[in-house]
file input-v4.txt (compact mmCIF, C-alpha atoms and all ligand atoms)
# COMPACT_ATOMS: atom_id res chain seq x y z
CA MET A 23 146.26 10.17 185.57
CA SER A 24 144.06 12.72 183.90
CA HIS A 25 142.39 15.49 185.86
CA THR A 26 138.66 15.08 186.46
CA ASN A 27 137.62 18.77 186.37
CA ARG A 28 138.35 20.68 183.25
CA THR A 29 138.98 24.37 182.80
CA TYR A 30 138.40 25.03 179.13
CA LEU A 31 140.69 27.70 177.71
CA ASP A 32 140.40 26.85 174.02
CA ASN A 33 137.47 29.09 173.17
CA ALA A 34 139.42 30.50 170.22
CA ALA A 35 139.09 27.08 168.53
CA THR A 36 135.44 26.63 169.47
CA SER A 37 133.54 27.80 172.52
CA PHE A 38 132.60 25.47 175.34
CA PRO A 39 130.20 25.14 177.03
CA LYS A 40 127.26 26.40 174.99
CA PRO A 41 124.13 27.81 176.66
CA ARG A 42 121.60 25.10 177.52
CA ALA A 43 119.07 26.76 175.17
CA VAL A 44 121.32 25.87 172.20
CA HIS A 45 121.06 22.13 172.81
CA ASP A 46 117.33 22.39 173.56
CA ALA A 47 116.69 24.22 170.29
CA MET A 48 118.66 21.66 168.27
CA LEU A 49 116.83 18.77 169.89
CA ARG A 50 113.47 20.47 169.34
CA PHE A 51 114.25 21.11 165.68
CA ALA A 52 115.45 17.56 165.11
CA THR A 53 112.54 15.87 166.87
CA GLU A 54 109.62 18.21 166.19
CA VAL A 55 110.35 20.11 162.96
CA GLY A 56 112.80 18.12 160.89
CA ALA A 57 111.87 19.69 157.53
CA SER A 58 114.15 21.39 155.00
CA PRO A 59 113.64 25.19 154.89
CA GLY A 60 112.34 26.47 151.55
CA ARG A 61 111.73 22.93 150.31
CA GLY A 62 107.99 22.45 151.02
CA ALA A 63 104.73 24.31 151.59
CA TYR A 64 103.69 22.35 154.69
CA ALA A 65 103.79 23.82 158.20
CA GLN A 66 107.11 22.29 159.29
CA ALA A 67 108.96 23.49 156.18
CA ARG A 68 107.50 26.95 156.71
CA ASP A 69 108.55 26.87 160.40
CA ALA A 70 112.06 25.92 159.34
CA GLY A 71 112.11 28.84 156.88
CA HIS A 72 110.93 31.25 159.59
CA MET A 73 113.62 29.98 161.91
CA LEU A 74 116.30 30.73 159.31
CA TYR A 75 114.95 34.24 158.89
CA GLU A 76 114.82 34.74 162.66
CA CYS A 77 118.48 33.77 162.91
CA ARG A 78 119.44 36.27 160.20
CA ARG A 79 117.37 38.93 161.95
CA ARG A 80 119.02 38.29 165.32
CA LEU A 81 122.46 38.43 163.73
CA CYS A 82 121.62 41.79 162.15
CA THR A 83 120.47 43.06 165.55
CA LEU A 84 123.80 41.97 166.99
CA PHE A 85 126.05 43.70 164.46
CA ASN A 86 123.64 46.37 163.15
CA GLY A 87 123.26 44.83 159.70
CA GLU A 88 120.90 46.61 157.33
CA ASN A 89 119.09 43.65 155.82
CA PRO A 90 118.66 40.13 157.27
CA ASP A 91 118.52 38.67 153.75
CA HIS A 92 122.15 39.68 153.36
CA VAL A 93 123.28 37.24 156.06
CA ILE A 94 124.47 34.10 154.25
CA PHE A 95 124.80 30.87 156.21
CA THR A 96 128.10 29.05 155.76
CA LEU A 97 129.86 26.02 157.16
CA ASN A 98 132.24 28.08 159.31
CA ALA A 99 134.30 31.27 159.06
CA THR A 100 136.69 29.72 156.52
CA ASP A 101 133.82 29.03 154.15
CA ALA A 102 132.56 32.61 154.55
CA LEU A 103 136.03 34.04 153.84
CA ASN A 104 136.37 31.88 150.73
CA MET A 105 132.93 32.97 149.55
CA ALA A 106 133.90 36.63 149.91
CA ILE A 107 137.41 36.38 148.45
CA HIS A 108 136.68 34.09 145.48
CA GLY A 109 133.41 35.92 144.86
CA LEU A 110 135.07 39.32 144.58
CA ILE A 111 138.35 38.43 142.91
CA GLY A 112 137.18 36.19 140.06
CA GLY A 113 138.21 38.71 137.41
CA GLY A 114 141.61 39.57 138.92
CA GLY A 115 142.94 42.60 140.76
CA HIS A 116 145.07 43.56 143.72
CA LEU A 117 144.42 42.16 147.21
CA ILE A 118 145.56 43.56 150.55
CA THR A 119 145.90 41.57 153.72
CA THR A 120 148.05 41.72 156.87
CA TRP A 121 150.68 39.64 158.58
CA MET A 122 148.22 38.87 161.38
CA ASP A 123 145.77 37.09 159.12
CA HIS A 124 144.81 33.44 159.41
CA ASN A 125 145.39 30.77 156.78
CA SER A 126 141.68 31.06 156.02
CA VAL A 127 142.55 34.38 154.35
CA LEU A 128 146.17 33.74 153.38
CA ARG A 129 145.53 30.47 151.56
CA PRO A 130 142.62 31.68 149.40
CA PHE A 131 144.76 34.73 148.53
CA ASN A 132 147.72 32.49 147.69
CA ALA A 133 145.51 30.23 145.60
CA LEU A 134 144.44 33.23 143.51
CA THR A 135 147.78 35.01 143.22
CA PRO A 136 149.33 32.79 140.53
CA ARG A 137 146.47 33.79 138.20
CA PRO A 138 147.30 36.43 135.60
CA GLY A 139 146.26 39.88 136.79
CA VAL A 140 146.11 38.95 140.48
CA GLU A 141 148.61 40.48 142.89
CA GLN A 142 148.68 40.82 146.65
CA SER A 143 150.27 43.03 149.30
CA ARG A 144 150.71 41.96 152.91
CA VAL A 145 150.87 44.79 155.39
CA GLU A 146 153.26 44.29 158.28
CA CYS A 147 152.46 45.07 161.88
CA ASP A 148 154.27 46.16 165.00
CA PRO A 149 156.19 43.12 166.34
CA ALA A 150 155.43 44.00 169.97
CA THR A 151 151.72 44.84 169.86
CA CYS A 152 150.95 43.23 166.48
CA LEU A 153 148.88 46.29 165.57
CA VAL A 154 148.54 47.26 161.92
CA ASP A 155 149.01 50.94 161.13
CA PRO A 156 145.96 52.08 159.11
CA ASP A 157 148.27 54.40 157.17
CA ALA A 158 150.27 51.39 155.99
CA ILE A 159 147.02 50.02 154.54
CA ARG A 160 146.36 53.36 152.87
CA LYS A 161 149.83 53.27 151.31
CA ALA A 162 149.31 49.74 150.00
CA ILE A 163 146.18 50.73 148.03
CA ARG A 164 146.51 50.74 144.22
CA PRO A 165 144.02 51.71 141.53
CA THR A 166 143.44 47.98 140.97
CA THR A 167 142.82 47.05 144.64
CA LYS A 168 139.70 44.85 144.84
CA ILE A 169 139.62 43.90 148.52
CA ILE A 170 141.15 44.72 151.89
CA ALA A 171 140.97 41.78 154.30
CA VAL A 172 141.73 42.27 157.98
CA THR A 173 141.43 39.95 160.96
CA HIS A 174 139.69 41.92 163.69
CA GLY A 175 141.03 39.98 166.69
CA SER A 176 144.22 37.94 166.34
CA ASN A 177 143.81 34.27 167.18
CA VAL A 178 147.47 34.26 168.28
CA THR A 179 148.00 37.40 170.38
CA GLY A 180 144.45 38.72 170.85
CA THR A 181 145.45 42.04 169.20
CA LEU A 182 142.37 44.03 168.14
CA GLN A 183 143.00 45.91 164.90
CA PRO A 184 141.57 49.43 164.46
CA ILE A 185 138.91 48.27 162.00
CA ARG A 186 136.89 51.46 162.17
CA GLN A 187 139.86 53.51 160.97
CA ILE A 188 140.76 50.93 158.34
CA GLY A 189 137.10 50.85 157.30
CA ALA A 190 137.04 54.63 156.82
CA ILE A 191 140.10 54.39 154.54
CA ALA A 192 138.58 51.54 152.54
CA ARG A 193 135.30 53.42 152.12
CA GLU A 194 137.12 56.59 151.06
CA HIS A 195 138.70 54.59 148.23
CA ASP A 196 135.52 52.60 147.54
CA ILE A 197 137.28 49.28 148.17
CA PRO A 198 135.33 46.50 149.93
CA LEU A 199 136.58 45.79 153.46
CA LEU A 200 136.37 42.14 154.50
CA VAL A 201 136.62 41.66 158.26
CA ASP A 202 137.42 38.26 159.71
CA ALA A 203 135.52 38.42 163.00
CA SER A 204 136.35 34.85 164.02
CA GLN A 205 137.70 35.91 167.39
CA THR A 206 135.46 38.87 168.02
CA LEU A 207 131.81 38.46 167.04
CA GLY A 208 129.95 37.75 170.28
CA HIS A 209 132.96 38.90 172.34
CA VAL A 210 133.47 42.48 171.15
CA PRO A 211 130.82 44.96 169.99
CA ILE A 212 130.81 45.25 166.18
CA ASP A 213 128.67 47.68 164.21
CA VAL A 214 129.01 46.99 160.50
CA GLN A 215 127.60 50.40 159.58
CA ALA A 216 129.68 52.53 161.96
CA ASP A 217 132.79 50.41 161.29
CA HIS A 218 132.33 50.67 157.47
CA ILE A 219 132.45 46.90 157.05
CA ASP A 220 131.36 45.61 153.64
CA LEU A 221 131.78 41.91 154.34
CA LEU A 222 131.74 40.37 157.80
CA ALA A 223 132.88 36.73 157.98
CA PHE A 224 132.17 34.93 161.23
CA PRO A 225 131.94 31.47 162.78
CA GLY A 226 128.74 30.49 164.59
CA HIS A 227 130.62 28.16 166.90
CA LYS A 228 133.03 30.49 168.71
CA GLY A 229 131.96 33.74 170.39
CA LEU A 230 128.37 33.37 169.19
CA LEU A 231 128.20 30.10 171.21
CA GLY A 232 126.42 28.16 168.48
CA PRO A 233 127.22 24.62 167.32
CA LEU A 234 130.19 23.52 165.22
CA GLY A 235 129.39 23.52 161.52
CA THR A 236 127.81 26.99 161.55
CA GLY A 237 129.03 30.38 160.34
CA GLY A 238 128.04 33.25 158.13
CA LEU A 239 128.93 36.06 155.79
CA TYR A 240 127.17 39.41 156.00
CA ILE A 241 127.28 41.27 152.68
CA ARG A 242 126.52 44.99 152.76
CA PRO A 243 123.58 45.71 150.42
CA GLY A 244 125.00 46.64 147.01
CA VAL A 245 128.31 44.78 147.43
CA GLU A 246 126.71 41.52 146.27
CA LYS A 247 126.42 43.03 142.79
CA HIS A 248 130.22 42.86 142.50
CA MET A 249 130.42 39.25 143.69
CA HIS A 250 129.75 36.09 141.82
CA PRO A 251 128.30 33.16 143.66
CA TYR A 252 131.00 30.86 144.83
CA ARG A 253 128.70 27.84 144.49
CA GLN A 254 125.68 27.13 142.33
CA GLY A 255 122.75 24.77 142.74
CA GLY A 256 119.17 24.31 143.84
CA THR A 257 117.65 26.94 146.10
CA GLY A 258 114.01 25.84 146.19
CA SER A 259 113.29 29.09 144.28
CA ALA A 260 113.20 30.13 140.58
CA SER A 261 113.67 26.47 139.62
CA GLU A 262 112.76 27.14 136.00
CA SER A 263 115.94 29.22 135.61
CA ASP A 264 119.14 27.42 134.61
CA THR A 265 121.32 29.94 136.43
CA GLN A 266 121.65 31.01 140.04
CA PRO A 267 118.90 33.41 141.23
CA ASP A 268 120.17 36.96 141.64
CA PHE A 269 118.17 37.74 144.80
CA MET A 270 119.42 37.43 148.34
CA PRO A 271 120.05 35.20 150.20
CA ASP A 272 119.38 32.52 147.54
CA ARG A 273 122.14 33.86 145.28
CA PHE A 274 124.75 32.56 147.74
CA GLU A 275 122.90 29.71 149.48
CA PRO A 276 122.40 26.75 147.15
CA GLY A 277 121.69 23.32 148.65
CA SER A 278 119.94 22.20 151.82
CA HIS A 279 120.80 24.08 154.99
CA ASN A 280 122.35 22.83 158.20
CA ALA A 281 118.98 23.58 159.77
CA VAL A 282 119.69 21.73 163.04
CA GLY A 283 122.85 23.81 163.38
CA VAL A 284 121.02 27.03 162.55
CA ALA A 285 118.37 26.16 165.17
CA GLY A 286 121.18 26.04 167.73
CA LEU A 287 122.73 29.21 166.35
CA THR A 288 119.40 31.06 166.56
CA ALA A 289 119.13 30.22 170.25
CA ALA A 290 122.80 31.09 170.78
CA VAL A 291 122.55 34.51 169.15
CA GLY A 292 119.35 35.11 171.15
CA TRP A 293 121.34 34.36 174.30
CA VAL A 294 124.17 36.74 173.31
CA VAL A 295 121.75 39.54 172.34
CA GLU A 296 119.78 39.10 175.56
CA ARG A 297 122.91 39.25 177.75
CA GLY A 298 124.14 42.15 175.64
CA VAL A 299 127.48 42.00 173.88
CA GLU A 300 128.61 45.12 175.79
CA GLU A 301 128.07 43.25 179.05
CA LEU A 302 129.88 40.13 177.77
CA TRP A 303 132.73 42.37 176.62
CA ARG A 304 132.92 44.06 180.05
CA HIS A 305 133.20 40.64 181.67
CA GLU A 306 135.89 39.50 179.21
CA ARG A 307 137.89 42.67 179.71
CA ALA A 308 137.80 42.23 183.48
CA LEU A 309 139.14 38.68 183.06
CA CYS A 310 141.76 39.99 180.59
CA ALA A 311 142.93 42.59 183.12
CA GLN A 312 143.23 39.91 185.79
CA MET A 313 145.10 37.60 183.43
CA ILE A 314 147.52 40.30 182.29
CA GLU A 315 148.26 41.45 185.80
CA SER A 316 149.24 37.90 186.77
CA LEU A 317 151.05 36.93 183.57
CA THR A 318 153.21 40.03 183.54
CA SER A 319 154.29 39.77 187.18
CA ARG A 320 157.82 38.50 186.65
CA ASP A 321 158.47 37.48 190.27
CA GLU A 322 155.52 35.11 190.48
CA LEU A 323 155.95 33.67 187.00
CA PRO A 324 159.68 33.47 186.31
CA GLY A 325 160.50 32.53 182.73
CA LEU A 326 157.01 33.22 181.36
CA ARG A 327 156.67 35.46 178.33
CA LEU A 328 153.37 36.91 177.17
CA TYR A 329 153.23 37.99 173.49
CA GLY A 330 151.22 40.82 171.97
CA PRO A 331 149.58 43.72 173.83
CA GLN A 332 150.65 43.90 177.48
CA GLY A 333 147.58 45.92 178.50
CA VAL A 334 143.80 45.54 178.01
CA GLY A 335 143.56 48.45 175.55
CA ASP A 336 144.11 46.75 172.20
CA ARG A 337 143.25 43.16 172.88
CA CYS A 338 140.63 40.51 173.35
CA GLY A 339 140.84 37.38 175.50
CA VAL A 340 143.36 35.36 173.47
CA PHE A 341 146.78 34.96 175.13
CA SER A 342 149.94 33.42 173.71
CA ILE A 343 152.69 32.45 176.13
CA ARG A 344 155.98 30.56 176.27
CA VAL A 345 157.67 29.33 179.44
CA ASP A 346 161.44 28.78 179.71
CA GLY A 347 162.28 25.12 179.95
CA PHE A 348 159.46 24.05 177.61
CA ASP A 349 161.10 23.89 174.20
CA ARG A 350 157.91 22.52 172.71
CA PRO A 351 154.79 24.54 173.60
CA GLN A 352 152.80 21.30 173.37
CA ASP A 353 154.71 20.00 176.41
CA LEU A 354 153.32 22.89 178.46
CA SER A 355 149.80 22.18 177.15
CA ASP A 356 150.22 18.49 178.05
CA LEU A 357 151.38 19.32 181.56
CA LEU A 358 148.54 21.80 182.12
CA GLU A 359 146.02 19.20 181.01
CA ARG A 360 147.52 16.31 182.96
CA GLU A 361 148.19 18.06 186.25
CA TYR A 362 145.51 20.75 186.34
CA GLY A 363 142.78 19.85 183.82
CA ILE A 364 143.47 23.10 181.94
CA LEU A 365 142.79 22.76 178.20
CA THR A 366 144.85 24.95 175.88
CA ARG A 367 146.10 24.82 172.30
CA SER A 368 149.74 24.89 171.23
CA GLY A 369 151.49 25.39 167.89
CA LEU A 370 151.15 27.92 165.08
CA HIS A 371 147.34 28.20 165.30
CA CYS A 372 146.98 28.33 161.48
CA ALA A 373 148.56 31.81 161.48
CA PRO A 374 152.23 31.30 160.51
CA LEU A 375 152.86 34.96 159.62
CA ALA A 376 151.56 36.10 163.01
CA HIS A 377 154.12 33.76 164.58
CA GLN A 378 156.81 35.16 162.29
CA THR A 379 155.84 38.62 163.50
CA ILE A 380 156.33 37.71 167.15
CA GLY A 381 159.37 35.50 166.42
CA THR A 382 157.91 32.15 167.47
CA ASP A 383 157.57 30.50 164.05
CA ARG A 384 160.84 28.54 164.33
CA VAL A 385 160.34 27.33 167.87
CA GLY A 386 157.01 25.57 167.43
CA GLY A 387 154.80 28.58 168.19
CA THR A 388 153.18 29.31 171.53
CA THR A 389 150.74 27.92 174.06
CA ARG A 390 147.43 29.70 173.68
CA LEU A 391 144.86 30.35 176.41
CA SER A 392 141.56 31.79 175.19
CA LEU A 393 138.59 33.01 177.18
CA GLY A 394 134.86 32.47 177.01
CA PRO A 395 131.86 34.02 178.78
CA PHE A 396 131.36 31.22 181.30
CA LEU A 397 134.81 31.60 182.84
CA THR A 398 135.00 33.42 186.17
CA ALA A 399 137.62 35.35 188.14
CA ARG A 400 138.11 32.15 190.17
CA ASP A 401 138.95 30.18 187.02
CA ILE A 402 141.53 32.78 186.01
CA GLN A 403 143.03 32.65 189.50
CA TYR A 404 143.21 28.86 189.24
CA VAL A 405 144.94 29.05 185.85
CA THR A 406 147.46 31.71 186.85
CA ASP A 407 148.22 29.86 190.13
CA ALA A 408 148.85 26.70 188.08
CA LEU A 409 151.17 28.62 185.74
CA ALA A 410 152.97 30.13 188.73
CA GLN A 411 153.59 26.63 190.13
CA VAL A 412 154.81 25.37 186.76
CA CYS A 413 157.13 28.36 186.29
CA CYS A 414 158.58 28.13 189.79
CA VAL A 415 159.27 24.39 189.44
CA ARG A 416 160.95 24.94 186.03
CA ALA A 417 162.97 27.88 187.34
CA GLY A 418 164.20 25.50 190.04
C1 LIG B 501 141.24 34.50 162.96
C2 LIG B 501 140.57 33.25 162.46
N1 LIG B 501 140.13 33.22 161.19
C3 LIG B 501 139.52 32.14 160.70
C4 LIG B 501 139.31 31.02 161.48
C5 LIG B 501 138.59 29.85 160.88
O1 LIG B 501 137.40 29.63 161.56
P1 LIG B 501 136.51 28.35 161.26
O2 LIG B 501 137.14 27.24 162.03
O3 LIG B 501 135.14 28.69 161.77
O4 LIG B 501 136.56 28.11 159.81
C6 LIG B 501 139.77 30.99 162.79
C7 LIG B 501 139.62 29.79 163.61
O5 LIG B 501 140.45 29.34 164.30
C8 LIG B 501 140.40 32.15 163.30
O6 LIG B 501 140.84 32.19 164.54
call {"tool": "encode", "arguments": {"input": "input-v4.txt", "output": "structure tokens"}}
result
Amino acid sequence: MSHTNRTYLDNAATSFPKPRAVHDAMLRFATEVGASPGRGAYAQARDAGHMLYECRRRLCTLFNGENPDHVIFTLNATDALNMAIHGLIGGGGHLITTWMDHNSVLRPFNALTPRPGVEQSRVECDPATCLVDPDAIRKAIRPTTKIIAVTHGSNVTGTLQPIRQIGAIAREHDIPLLVDASQTLGHVPIDVQADHIDLLAFPGHKGLLGPLGTGGLYIRPGVEKHMHPYRQGGTGSASESDTQPDFMPDRFEPGSHNAVGVAGLTAAVGWVVERGVEELWRHERALCAQMIESLTSRDELPGLRLYGPQGVGDRCGVFSIRVDGFDRPQDLSDLLEREYGILTRSGLHCAPLAHQTIGTDRVGGTTRLSLGPFLTARDIQYVTDALAQVCCVRAG
């Protein structure tokens, strides 16, 4: 029998629930506006265009972007990463990434590497904490390096990489830094200017609490000159020209927008900015501390192993565990769902090298528990009590 209440711990895949205002804004857009932004001079089309701009503006407020027109809407974080990587590397060069990166970086890199003149280096990280040493990035730099791509928060272990230090190194060498903020934007404060981030790829549907099918790429003013548009097509502007406009954001945004999605995202980012990302981060860190204290208490949870940072210092709210007696992590997920209504995700989480780093690639990966802003200390207590019961029963 399935459990009637659910405790959602799969926020790393997509956040749930979303603020009520997100659904209201989507419904309002669909029923009252309904026009395509930039594709008409009538009031509704203009309203839709203003809404898009407002979303870009709110995003810039959130991460201290310099120019809202440099926020490009994408389908998700994967699409943003592809836009950045393919856009910058068209002419060849050397690429740097890390062992903690997601397939959304690794696969575009691997797709490019067979091309003549394209090479890549993957920087290893500490197997216990999964931290990358910024000096190792410095050492990997070559005269031909065209991009450094780093995942800010690991979607496997929650490790937070020192992006500000990596950013300073990248800037010193004048190499664009691409940060995959899939697990951090909306959870962890990010300041693209102070962190020296040239390209920030993010989903709208995870920490920002917007709908699925939304995401974005922020391009630092000036960097776009070194990128070619990854797609071409109609923009509702400069239609007499047979090539892509060179102004932002149209240069990277051909085709009709997911305006219903962006309406939801606008409300979502408004919600995050109003709460304050520092406040949301404080809440998440308190839940992380509670989770870590329970998960690392060996007597209460015999046979449970937590991977990655064992303290709150270098991590966000993504936890990978294995429990003795569960050879397949999916069996633990199934039990947690069936008996306790706790929803988790098991496997390699699209980050096979991260699992190689922690040594779980050949045993089916881990069970992942990931936090969101609507979880409370009571929820964490419920989850850790459930894990304690499971561990004690398994330990016999
Ligand atoms: C670190 C990381 N990068 C990229 C992605 C891809 O995100 P999206 O599903 O929005 O394309 C994810 C999603 O799981 C992720 O965790």
call {"tool": "closest_residue", "arguments": {"input": "input-v4.txt", "among": "A:Asn104, A:Thr179, A:Ser204, A:Thr151", "to": "ligand LIG 501 (chain B)", "atoms": "only C-alpha atoms and all ligand atoms"}}
result
A:Ser204
call {"tool": "closest_atom_pairs", "arguments": {"input": "input-v4.txt", "of": "chain A", "to": "ligand LIG 501 (chain B)", "cutoff": "7 Å", "atoms": "only C-alpha atoms and all ligand atoms", "output": "JSON lines"}}
result
{"residue": "A:Ala34", "atom": "CA", "partner": "B:LIG501", "partner_atom": "O6", "distance": 6.1}
{"residue": "A:Ala35", "atom": "CA", "partner": "B:LIG501", "partner_atom": "O5", "distance": 5.0}
{"residue": "A:Asn98", "atom": "CA", "partner": "B:LIG501", "partner_atom": "O3", "distance": 3.9}
{"residue": "A:Ala99", "atom": "CA", "partner": "B:LIG501", "partner_atom": "O3", "distance": 3.8}
{"residue": "A:Thr100", "atom": "CA", "partner": "B:LIG501", "partner_atom": "O4", "distance": 3.7}
{"residue": "A:Asp101", "atom": "CA", "partner": "B:LIG501", "partner_atom": "O4", "distance": 6.4}
{"residue": "A:Asp123", "atom": "CA", "partner": "B:LIG501", "partner_atom": "C1", "distance": 6.5}
{"residue": "A:His124", "atom": "CA", "partner": "B:LIG501", "partner_atom": "N1", "distance": 5.0}
{"residue": "A:Ser126", "atom": "CA", "partner": "B:LIG501", "partner_atom": "C3", "distance": 5.3}
{"residue": "A:Thr173", "atom": "CA", "partner": "B:LIG501", "partner_atom": "C1", "distance": 5.8}
{"residue": "A:Gly175", "atom": "CA", "partner": "B:LIG501", "partner_atom": "C1", "distance": 6.6}
{"residue": "A:Ser176", "atom": "CA", "partner": "B:LIG501", "partner_atom": "C1", "distance": 5.7}
{"residue": "A:Asn177", "atom": "CA", "partner": "B:LIG501", "partner_atom": "O6", "distance": 4.5}
{"residue": "A:Asp202", "atom": "CA", "partner": "B:LIG501", "partner_atom": "N1", "distance": 5.9}
{"residue": "A:Ala203", "atom": "CA", "partner": "B:LIG501", "partner_atom": "C1", "distance": 6.9}
{"residue": "A:Ser204", "atom": "CA", "partner": "B:LIG501", "partner_atom": "C2", "distance": 4.8}
{"residue": "A:Gln205", "atom": "CA", "partner": "B:LIG501", "partner_atom": "O6", "distance": 5.6}
{"residue": "A:Phe224", "atom": "CA", "partner": "B:LIG501", "partner_atom": "O3", "distance": 6.9}
{"residue": "A:Pro225", "atom": "CA", "partner": "B:LIG501", "partner_atom": "O3", "distance": 4.4}
{"residue": "A:His227", "atom": "CA", "partner": "B:LIG501", "partner_atom": "O3", "distance": 6.9}
{"residue": "A:Gly237", "atom": "CA", "partner": "B:LIG501", "partner_atom": "O3", "distance": 6.5}
call {"tool": "write_last_selection", "arguments": {"input": "input-v4.txt", "atoms": "C-alpha atoms", "output": "CSV table (one decimal), in the frame of the given file"}}
result
chain,number,residue,atom,x,y,z
A,34,ALA,CA,139.4,30.5,170.2
A,35,ALA,CA,139.1,27.1,168.5
A,98,ASN,CA,132.2,28.1,159.3
A,99,ALA,CA,134.3,31.3,159.1
A,100,THR,CA,136.7,29.7,156.5
A,101,ASP,CA,133.8,29.0,154.2
A,123,ASP,CA,145.8,37.1,159.1
A,124,HIS,CA,144.8,33.4,159.4
A,126,SER,CA,141.7,31.1,156.0
A,173,THR,CA,141.4,40.0,161.0
A,175,GLY,CA,141.0,40.0,166.7
A,176,SER,CA,144.2,37.9,166.3
A,177,ASN,CA,143.8,34.3,167.2
A,202,ASP,CA,137.4,38.3,159.7
A,203,ALA,CA,135.5,38.4,163.0
A,204,SER,CA,136.4,34.8,164.0
A,205,GLN,CA,137.7,35.9,167.4
A,224,PHE,CA,132.2,34.9,161.2
A,225,PRO,CA,131.9,31.5,162.8
A,227,HIS,CA,130.6,28.2,166.9
A,237,GLY,CA,129.0,30.4,160.3
call {"tool": "residues_near_point", "arguments": {"input": "input-v4.txt", "point": "(121.6, 26.3, 172.4)", "cutoff": "10 Å", "atoms": "all atoms listed in the file", "output": "ChimeraX atom specification"}}
result
/A:39-49,231-233,283-293
call {"tool": "write_last_selection", "arguments": {"input": "input-v4.txt", "atoms": "C-alpha atoms", "output": "mmCIF file, keeping the file's coordinate frame"}}
result
data_model
loop_
_atom_site.group_PDB
_atom_site.id
_atom_site.type_symbol
_atom_site.label_atom_id
_atom_site.label_comp_id
_atom_site.auth_asym_id
_atom_site.auth_seq_id
_atom_site.Cartn_x
_atom_site.Cartn_y
_atom_site.Cartn_z
ATOM 1 C CA PRO A 39 130.200 25.140 177.030
ATOM 2 C CA LYS A 40 127.260 26.400 174.990
ATOM 3 C CA PRO A 41 124.130 27.810 176.660
ATOM 4 C CA ARG A 42 121.600 25.100 177.520
ATOM 5 C CA ALA A 43 119.070 26.760 175.170
ATOM 6 C CA VAL A 44 121.320 25.870 172.200
ATOM 7 C CA HIS A 45 121.060 22.130 172.810
ATOM 8 C CA ASP A 46 117.330 22.390 173.560
ATOM 9 C CA ALA A 47 116.690 24.220 170.290
ATOM 10 C CA MET A 48 118.660 21.660 168.270
ATOM 11 C CA LEU A 49 116.830 18.770 169.890
ATOM 12 C CA LEU A 231 128.200 30.100 171.210
ATOM 13 C CA GLY A 232 126.420 28.160 168.480
ATOM 14 C CA PRO A 233 127.220 24.620 167.320
ATOM 15 C CA GLY A 283 122.850 23.810 163.380
ATOM 16 C CA VAL A 284 121.020 27.030 162.550
ATOM 17 C CA ALA A 285 118.370 26.160 165.170
ATOM 18 C CA GLY A 286 121.180 26.040 167.730
ATOM 19 C CA LEU A 287 122.730 29.210 166.350
ATOM 20 C CA THR A 288 119.400 31.060 166.560
ATOM 21 C CA ALA A 289 119.130 30.220 170.250
ATOM 22 C CA ALA A 290 122.800 31.090 170.780
ATOM 23 C CA VAL A 291 122.550 34.510 169.150
ATOM 24 C CA GLY A 292 119.350 35.110 171.150
ATOM 25 C CA TRP A 293 121.340 34.360 174.300
#
call {"tool": "residues_around", "arguments": {"input": "input-v4.txt", "residues": "A:Glu275", "least_positions_apart": "3", "cutoff": "8 Å", "atoms": "all atoms listed in the file", "output": "list in words"}}
result
Ile94, Phe95, Arg253, Thr257, Pro271 and Asp272 of chain A
call {"tool": "closest_residue", "arguments": {"input": "input-v4.txt", "among": "A:Gln66, A:Asn125, A:Thr366, A:Thr406", "to": "A:Ser319", "atoms": "only C-alpha atoms"}}
result
A:Thr406
call {"tool": "residues_near_point", "arguments": {"input": "input-v4.txt", "point": "(163.9, 31.1, 179.0)", "cutoff": "10 Å", "atoms": "all atoms listed in the file", "output": "VMD selection string"}}
result
chain A and resid 324 to 327 344 to 349 416 to 417
call {"tool": "closest_residue", "arguments": {"input": "input-v4.txt", "among": "A:Ala106, A:Gly238, A:Gln403, A:Pro251", "to": "A:Ser316", "atoms": "only C-alpha atoms"}}
result
A:Gln403
call {"tool": "atom_distance", "arguments": {"input": "input-v4.txt", "atom1": "atom CA of A:Asn27", "atom2": "atom CA of A:Val405"}}
result
12.6 Å
call {"tool": "atom_distance", "arguments": {"input": "input-v4.txt", "atom1": "atom CA of A:Asp407", "atom2": "atom CA of A:Gly335"}}
result
24.1 Å
call {"tool": "closest_residue", "arguments": {"input": "input-v4.txt", "among": "A:Gly387, A:Pro243, A:Gly180, A:Pro395", "to": "A:Asp91", "atoms": "only C-alpha atoms"}}
result
A:Pro243
call {"tool": "atom_distance", "arguments": {"input": "input-v4.txt", "atom1": "atom CA of A:Gln312", "atom2": "atom CA of A:Gly381"}}
result
25.6 Å
call {"tool": "closest_residue", "arguments": {"input": "input-v4.txt", "among": "A:Gly109, A:Gly418, A:Gly363, A:Pro59", "to": "A:Leu239", "atoms": "all atoms listed in the file"}}
result
A:Gly109
call {"tool": "closest_residue", "arguments": {"input": "input-v4.txt", "among": "A:Gly386, A:Pro331, A:Gly56, A:Gly62", "to": "A:Ala281", "atoms": "all atoms listed in the file"}}
result
A:Gly56
call {"tool": "residues_around", "arguments": {"input": "input-v4.txt", "residues": "A:Ala311", "least_positions_apart": "3", "cutoff": "8 Å", "atoms": "all atoms listed in the file", "output": "count of residues only"}}
result
6
call {"tool": "axis_aligned_box", "arguments": {"input": "input-v4.txt", "around": "stretch 166-171 of chain A", "padding_each_side": "3 Å", "output": "lines of an AutoDock Vina configuration file"}}
result
center_x = 141.5
center_y = 44.9
center_z = 147.6
size_x = 9.8
size_y = 12.2
size_z = 19.3
call {"tool": "residues_around", "arguments": {"input": "input-v4.txt", "residues": "A:Ile163", "least_positions_apart": "2", "cutoff": "12 Å", "atoms": "all atoms listed in the file", "output": "PyMOL selection string"}}
result
chain A and resi 115-119+141-145+156-161+165-170+188+191-198
